[in-house]
Every structure is written in structure tokens, then in C-alpha cells.
Amino acid sequence: MNLKERAKQLKVDLPAVMLALKDRRTPLWTKVLAGITVGYALSPIDFIPDFIPVLGYLDDILLLPCLIALTIKCIPQEVWEQSRQQAQGLWQDGKPQKWYFALPILLFWLVILFLISKRFWL
């Protein structure tokens, strides 16, 4: 599988990971790992900022696929297959069809803004 095919597969795998995260058959520690994976994938904050030449994209090219692969291995096979089938219809033209996929990032940034405002105004 070449790099372009893997990138397309990530578009399906990431929503499938999020769907598996909501499934009650998924173990708690796997849900935590899946939450970290989805949060990191959707977050504009990287371990290495993207403006640093070459190194900036290494974490996106290496870390994110490794996190997704590790999360997928931890999800029970039956849950993963069902989540992947459901995820096939969630993306159209490179955009998610469900608005609630933005909730984890929105919540992340609301918490950050709350902590910053609490620090400066209290």
C-alpha cells in the first residue's frame, strides 16, 4: 500500500476509531488510547510544530499512524469491523457529515480557554 492509499485509509480509520470509542464493548483503557488518538489527530497542537522544516511533519507522518495502528490493535475485532463499516458513509468530499465529530476539539479548546481565563482573571 503506497502513501497516498494509506492517507485515504486514514480518513476512514479515524472516524471508525471514534465510533469504536463510543461502543460499550471497547475496554476502558482502549477508549482512553482512542480518545488520545482522535484528540491528537484533530488538534492543531503538535509535539513538533509544523513550521519547523521536515521535522514538523514527521510527527504527523509517523506518530499519528502509529497511534491509530496501536489503537486499532487494542479494539476488539468485532467492534472494529462494525465501526469501520459505519465509518464508510460518514465522509463525503473529504469532510465529515456529522457535526458532532468536532465536539472533542471544541471541548478541548473550551477547557484551554477556561484555564487561561481563570489564570489571568482570578
# chains A, B, ... in the order shown; residues from 1 in each chain; ligands from 1
>>> select_by_dssp(residues="segment 20-53 of chain A", states="alpha helix (DSSP H)", output="short mmCIF file (atom, residue, chain, number, x, y, z; two decimals) with C-alpha atoms, in the first residue's frame")
data_model
loop_
_atom_site.label_atom_id
_atom_site.label_comp_id
_atom_site.auth_asym_id
_atom_site.auth_seq_id
_atom_site.Cartn_x
_atom_site.Cartn_y
_atom_site.Cartn_z
CA ALA A 20 -15.33 2.29 18.41
CA LEU A 21 -14.62 4.71 21.24
CA LYS A 22 -18.37 5.05 21.82
CA LEU A 28 -11.81 1.46 29.05
CA TRP A 29 -8.04 1.67 28.52
CA THR A 30 -8.59 1.33 24.77
CA LYS A 31 -11.13 4.15 24.93
CA VAL A 32 -8.54 6.34 26.62
CA LEU A 33 -5.99 5.50 23.92
CA ALA A 34 -8.59 6.12 21.19
CA GLY A 35 -9.51 9.45 22.78
CA ILE A 36 -5.86 10.50 22.80
CA THR A 37 -5.50 9.40 19.17
CA VAL A 38 -8.60 11.25 17.96
CA GLY A 39 -7.72 14.30 20.04
CA TYR A 40 -4.19 14.41 18.68
CA ALA A 41 -5.38 13.93 15.11
CA LEU A 42 -7.91 16.75 15.32
#
>>> residues_around(residues="Asp59 of chain A", least_positions_apart="4", cutoff="9 Å", atoms="only C-alpha atoms", output="PyMOL selection string")
chain A and resi 46-50+55+63-64
>>> write_last_selection(atoms="C-alpha atoms", output="mmCIF file, in the first residue's frame")
data_model
loop_
_atom_site.group_PDB
_atom_site.id
_atom_site.type_symbol
_atom_site.label_atom_id
_atom_site.label_comp_id
_atom_site.auth_asym_id
_atom_site.auth_seq_id
_atom_site.Cartn_x
_atom_site.Cartn_y
_atom_site.Cartn_z
ATOM 1 C CA ASP A 46 1.603 19.092 17.628
ATOM 2 C CA PHE A 47 4.583 17.794 19.563
ATOM 3 C CA ILE A 48 6.784 19.336 16.894
ATOM 4 C CA PRO A 49 5.292 22.482 15.290
ATOM 5 C CA ASP A 50 4.638 22.178 11.546
ATOM 6 C CA LEU A 55 10.731 17.702 11.446
ATOM 7 C CA LEU A 63 3.230 9.435 15.311
ATOM 8 C CA LEU A 64 -0.375 9.652 14.156
#
>>> atom_distance(atom1="atom CA of Phe51 of chain A", atom2="atom CA of Leu113 of chain A")
23.4 Å
>>> residues_around(residues="Ala16 of chain A", least_positions_apart="2", cutoff="10 Å", atoms="only C-alpha atoms", output="list in words")
Leu10, Lys11, Val12, Asp13, Leu14, Met18, Leu19, Ala20, Leu21, Ile72, Val79, Trp80, Glu81, Gln82, Ser83, Arg84, Gln85, Gln86, Ala87, Gln88 and Leu90 of chain A
>>> closest_residue(among="A:Arg6, A:Leu115, A:Thr26, A:Leu110", to="Lys73 of chain A", atoms="only C-alpha atoms")
A:Thr26
>>> closest_residue(among="A:Pro15, A:Pro44, A:Pro27, A:Pro53", to="Leu106 of chain A", atoms="only C-alpha atoms")
A:Pro44
>>> atom_distance(atom1="atom CA of Leu103 of chain A", atom2="atom CA of Ala69 of chain A")
22.9 Å
>>> atom_distance(atom1="atom CA of Gln9 of chain A", atom2="atom CA of Leu70 of chain A")
15.3 Å
>>> select_by_dssp(residues="chain A", states="strand (DSSP E or B)", output="list in words")
Trp91, Gln92, Lys95 and Pro96 of chain A
>>> closest_residue(among="A:Pro76, A:Lys4, A:Val111, A:Arg24", to="Ile61 of chain A", atoms="only C-alpha atoms")
A:Lys4
>>> decode(residues="chain A", atoms="C-alpha atoms", output="mmCIF file, in the first residue's frame")
data_model
loop_
_atom_site.group_PDB
_atom_site.id
_atom_site.type_symbol
_atom_site.label_atom_id
_atom_site.label_comp_id
_atom_site.auth_asym_id
_atom_site.auth_seq_id
_atom_site.Cartn_x
_atom_site.Cartn_y
_atom_site.Cartn_z
ATOM 1 C CA MET A 1 0.000 0.000 0.000
ATOM 2 C CA ASN A 2 1.544 3.325 -1.040
ATOM 3 C CA LEU A 3 1.475 6.568 0.951
ATOM 4 C CA LYS A 4 -1.491 8.035 -0.929
ATOM 5 C CA GLU A 5 -3.606 4.930 -0.311
ATOM 6 C CA ARG A 6 -2.676 4.968 3.379
ATOM 7 C CA ALA A 7 -3.703 8.618 3.667
ATOM 8 C CA LYS A 8 -7.096 7.786 2.157
ATOM 9 C CA GLN A 9 -7.433 4.860 4.540
ATOM 10 C CA LEU A 10 -6.727 7.174 7.491
ATOM 11 C CA LYS A 11 -9.788 9.224 6.532
ATOM 12 C CA VAL A 12 -11.890 6.109 7.100
ATOM 13 C CA ASP A 13 -9.940 4.697 10.042
ATOM 14 C CA LEU A 14 -10.037 7.822 12.206
ATOM 15 C CA PRO A 15 -13.859 8.090 12.268
ATOM 16 C CA ALA A 16 -14.001 4.319 12.798
ATOM 17 C CA VAL A 17 -11.755 4.732 15.850
ATOM 18 C CA MET A 18 -14.114 7.412 17.132
ATOM 19 C CA LEU A 19 -17.110 5.128 16.613
ATOM 20 C CA ALA A 20 -15.331 2.288 18.410
ATOM 21 C CA LEU A 21 -14.624 4.710 21.242
ATOM 22 C CA LYS A 22 -18.372 5.045 21.822
ATOM 23 C CA ASP A 23 -19.025 1.289 21.763
ATOM 24 C CA ARG A 24 -19.580 -0.220 25.219
ATOM 25 C CA ARG A 25 -17.729 -3.412 24.217
ATOM 26 C CA THR A 26 -14.474 -1.478 23.867
ATOM 27 C CA PRO A 27 -12.300 -1.730 27.019
ATOM 28 C CA LEU A 28 -11.807 1.458 29.052
ATOM 29 C CA TRP A 29 -8.040 1.666 28.519
ATOM 30 C CA THR A 30 -8.591 1.327 24.766
ATOM 31 C CA LYS A 31 -11.134 4.148 24.927
ATOM 32 C CA VAL A 32 -8.542 6.340 26.623
ATOM 33 C CA LEU A 33 -5.991 5.500 23.922
ATOM 34 C CA ALA A 34 -8.591 6.117 21.192
ATOM 35 C CA GLY A 35 -9.511 9.448 22.782
ATOM 36 C CA ILE A 36 -5.861 10.497 22.800
ATOM 37 C CA THR A 37 -5.501 9.397 19.170
ATOM 38 C CA VAL A 38 -8.597 11.250 17.960
ATOM 39 C CA GLY A 39 -7.722 14.299 20.041
ATOM 40 C CA TYR A 40 -4.188 14.414 18.681
ATOM 41 C CA ALA A 41 -5.378 13.933 15.107
ATOM 42 C CA LEU A 42 -7.912 16.749 15.324
ATOM 43 C CA SER A 43 -5.884 19.116 17.464
ATOM 44 C CA PRO A 44 -3.859 21.898 15.874
ATOM 45 C CA ILE A 45 -1.271 21.402 18.626
ATOM 46 C CA ASP A 46 1.603 19.092 17.628
ATOM 47 C CA PHE A 47 4.583 17.794 19.563
ATOM 48 C CA ILE A 48 6.784 19.336 16.894
ATOM 49 C CA PRO A 49 5.292 22.482 15.290
ATOM 50 C CA ASP A 50 4.638 22.178 11.546
ATOM 51 C CA PHE A 51 6.562 25.352 10.707
ATOM 52 C CA ILE A 52 9.855 23.579 11.512
ATOM 53 C CA PRO A 53 11.098 22.274 8.142
ATOM 54 C CA VAL A 54 10.908 18.480 7.711
ATOM 55 C CA LEU A 55 10.731 17.702 11.446
ATOM 56 C CA GLY A 56 7.414 19.496 11.762
ATOM 57 C CA TYR A 57 5.669 16.951 9.586
ATOM 58 C CA LEU A 58 7.468 13.897 10.964
ATOM 59 C CA ASP A 59 5.163 13.618 13.950
ATOM 60 C CA ASP A 60 2.134 13.755 11.635
ATOM 61 C CA ILE A 61 3.644 11.175 9.299
ATOM 62 C CA LEU A 62 4.972 8.816 11.992
ATOM 63 C CA LEU A 63 3.230 9.435 15.311
ATOM 64 C CA LEU A 64 -0.375 9.652 14.156
ATOM 65 C CA PRO A 65 -0.335 6.459 12.054
ATOM 66 C CA CYS A 66 1.410 4.628 14.917
ATOM 67 C CA LEU A 67 -1.221 5.829 17.402
ATOM 68 C CA ILE A 68 -4.025 4.786 15.060
ATOM 69 C CA ALA A 69 -2.434 1.369 14.433
ATOM 70 C CA LEU A 70 -1.928 0.779 18.171
ATOM 71 C CA THR A 71 -5.498 1.833 18.929
ATOM 72 C CA ILE A 72 -6.879 -0.426 16.197
ATOM 73 C CA LYS A 73 -4.924 -3.405 17.560
ATOM 74 C CA CYS A 74 -6.419 -2.794 21.022
ATOM 75 C CA ILE A 75 -10.028 -2.578 19.789
ATOM 76 C CA PRO A 76 -11.837 -5.944 19.770
ATOM 77 C CA GLN A 77 -12.008 -7.276 16.193
ATOM 78 C CA GLU A 78 -15.807 -7.483 16.079
ATOM 79 C CA VAL A 79 -16.166 -3.876 17.287
ATOM 80 C CA TRP A 80 -13.535 -2.669 14.829
ATOM 81 C CA GLU A 81 -15.171 -4.282 11.798
ATOM 82 C CA GLN A 82 -18.576 -2.880 12.727
ATOM 83 C CA SER A 83 -17.152 0.611 13.361
ATOM 84 C CA ARG A 84 -15.267 0.579 10.073
ATOM 85 C CA GLN A 85 -18.424 -0.295 8.142
ATOM 86 C CA GLN A 86 -20.307 2.532 9.828
ATOM 87 C CA ALA A 87 -17.466 4.982 9.110
ATOM 88 C CA GLN A 88 -17.554 4.312 5.351
ATOM 89 C CA GLY A 89 -20.622 6.534 4.911
ATOM 90 C CA LEU A 90 -19.589 9.299 7.293
ATOM 91 C CA TRP A 91 -17.190 11.143 4.974
ATOM 92 C CA GLN A 92 -18.120 12.853 1.753
ATOM 93 C CA ASP A 93 -15.807 15.109 -0.264
ATOM 94 C CA GLY A 94 -13.175 14.906 2.467
ATOM 95 C CA LYS A 95 -15.497 16.340 5.148
ATOM 96 C CA PRO A 96 -17.368 14.633 7.960
ATOM 97 C CA GLN A 97 -21.142 14.503 7.544
ATOM 98 C CA LYS A 98 -21.836 14.589 11.266
ATOM 99 C CA TRP A 99 -21.165 17.852 13.113
ATOM 100 C CA TYR A 100 -20.622 16.151 16.454
ATOM 101 C CA PHE A 101 -17.217 14.852 15.334
ATOM 102 C CA ALA A 102 -15.995 18.390 16.105
ATOM 103 C CA LEU A 103 -17.106 18.158 19.760
ATOM 104 C CA PRO A 104 -13.882 16.682 21.207
ATOM 105 C CA ILE A 105 -11.794 19.507 19.755
ATOM 106 C CA LEU A 106 -14.351 22.128 20.703
ATOM 107 C CA LEU A 107 -14.351 20.817 24.282
ATOM 108 C CA PHE A 108 -10.549 20.728 24.326
ATOM 109 C CA TRP A 109 -10.311 24.386 23.282
ATOM 110 C CA LEU A 110 -13.067 25.452 25.690
ATOM 111 C CA VAL A 111 -11.132 23.865 28.558
ATOM 112 C CA ILE A 112 -7.924 25.588 27.425
ATOM 113 C CA LEU A 113 -9.694 28.960 27.174
ATOM 114 C CA PHE A 114 -11.281 28.424 30.599
ATOM 115 C CA LEU A 115 -7.913 27.621 32.178
ATOM 116 C CA ILE A 116 -6.263 30.639 30.560
ATOM 117 C CA SER A 117 -9.066 32.968 31.595
ATOM 118 C CA LYS A 118 -9.051 31.546 35.115
ATOM 119 C CA ARG A 119 -5.304 32.113 35.358
ATOM 120 C CA PHE A 120 -5.431 35.754 34.230
ATOM 121 C CA TRP A 121 -8.705 36.969 35.755
ATOM 122 C CA LEU A 122 -8.742 35.256 39.123
#
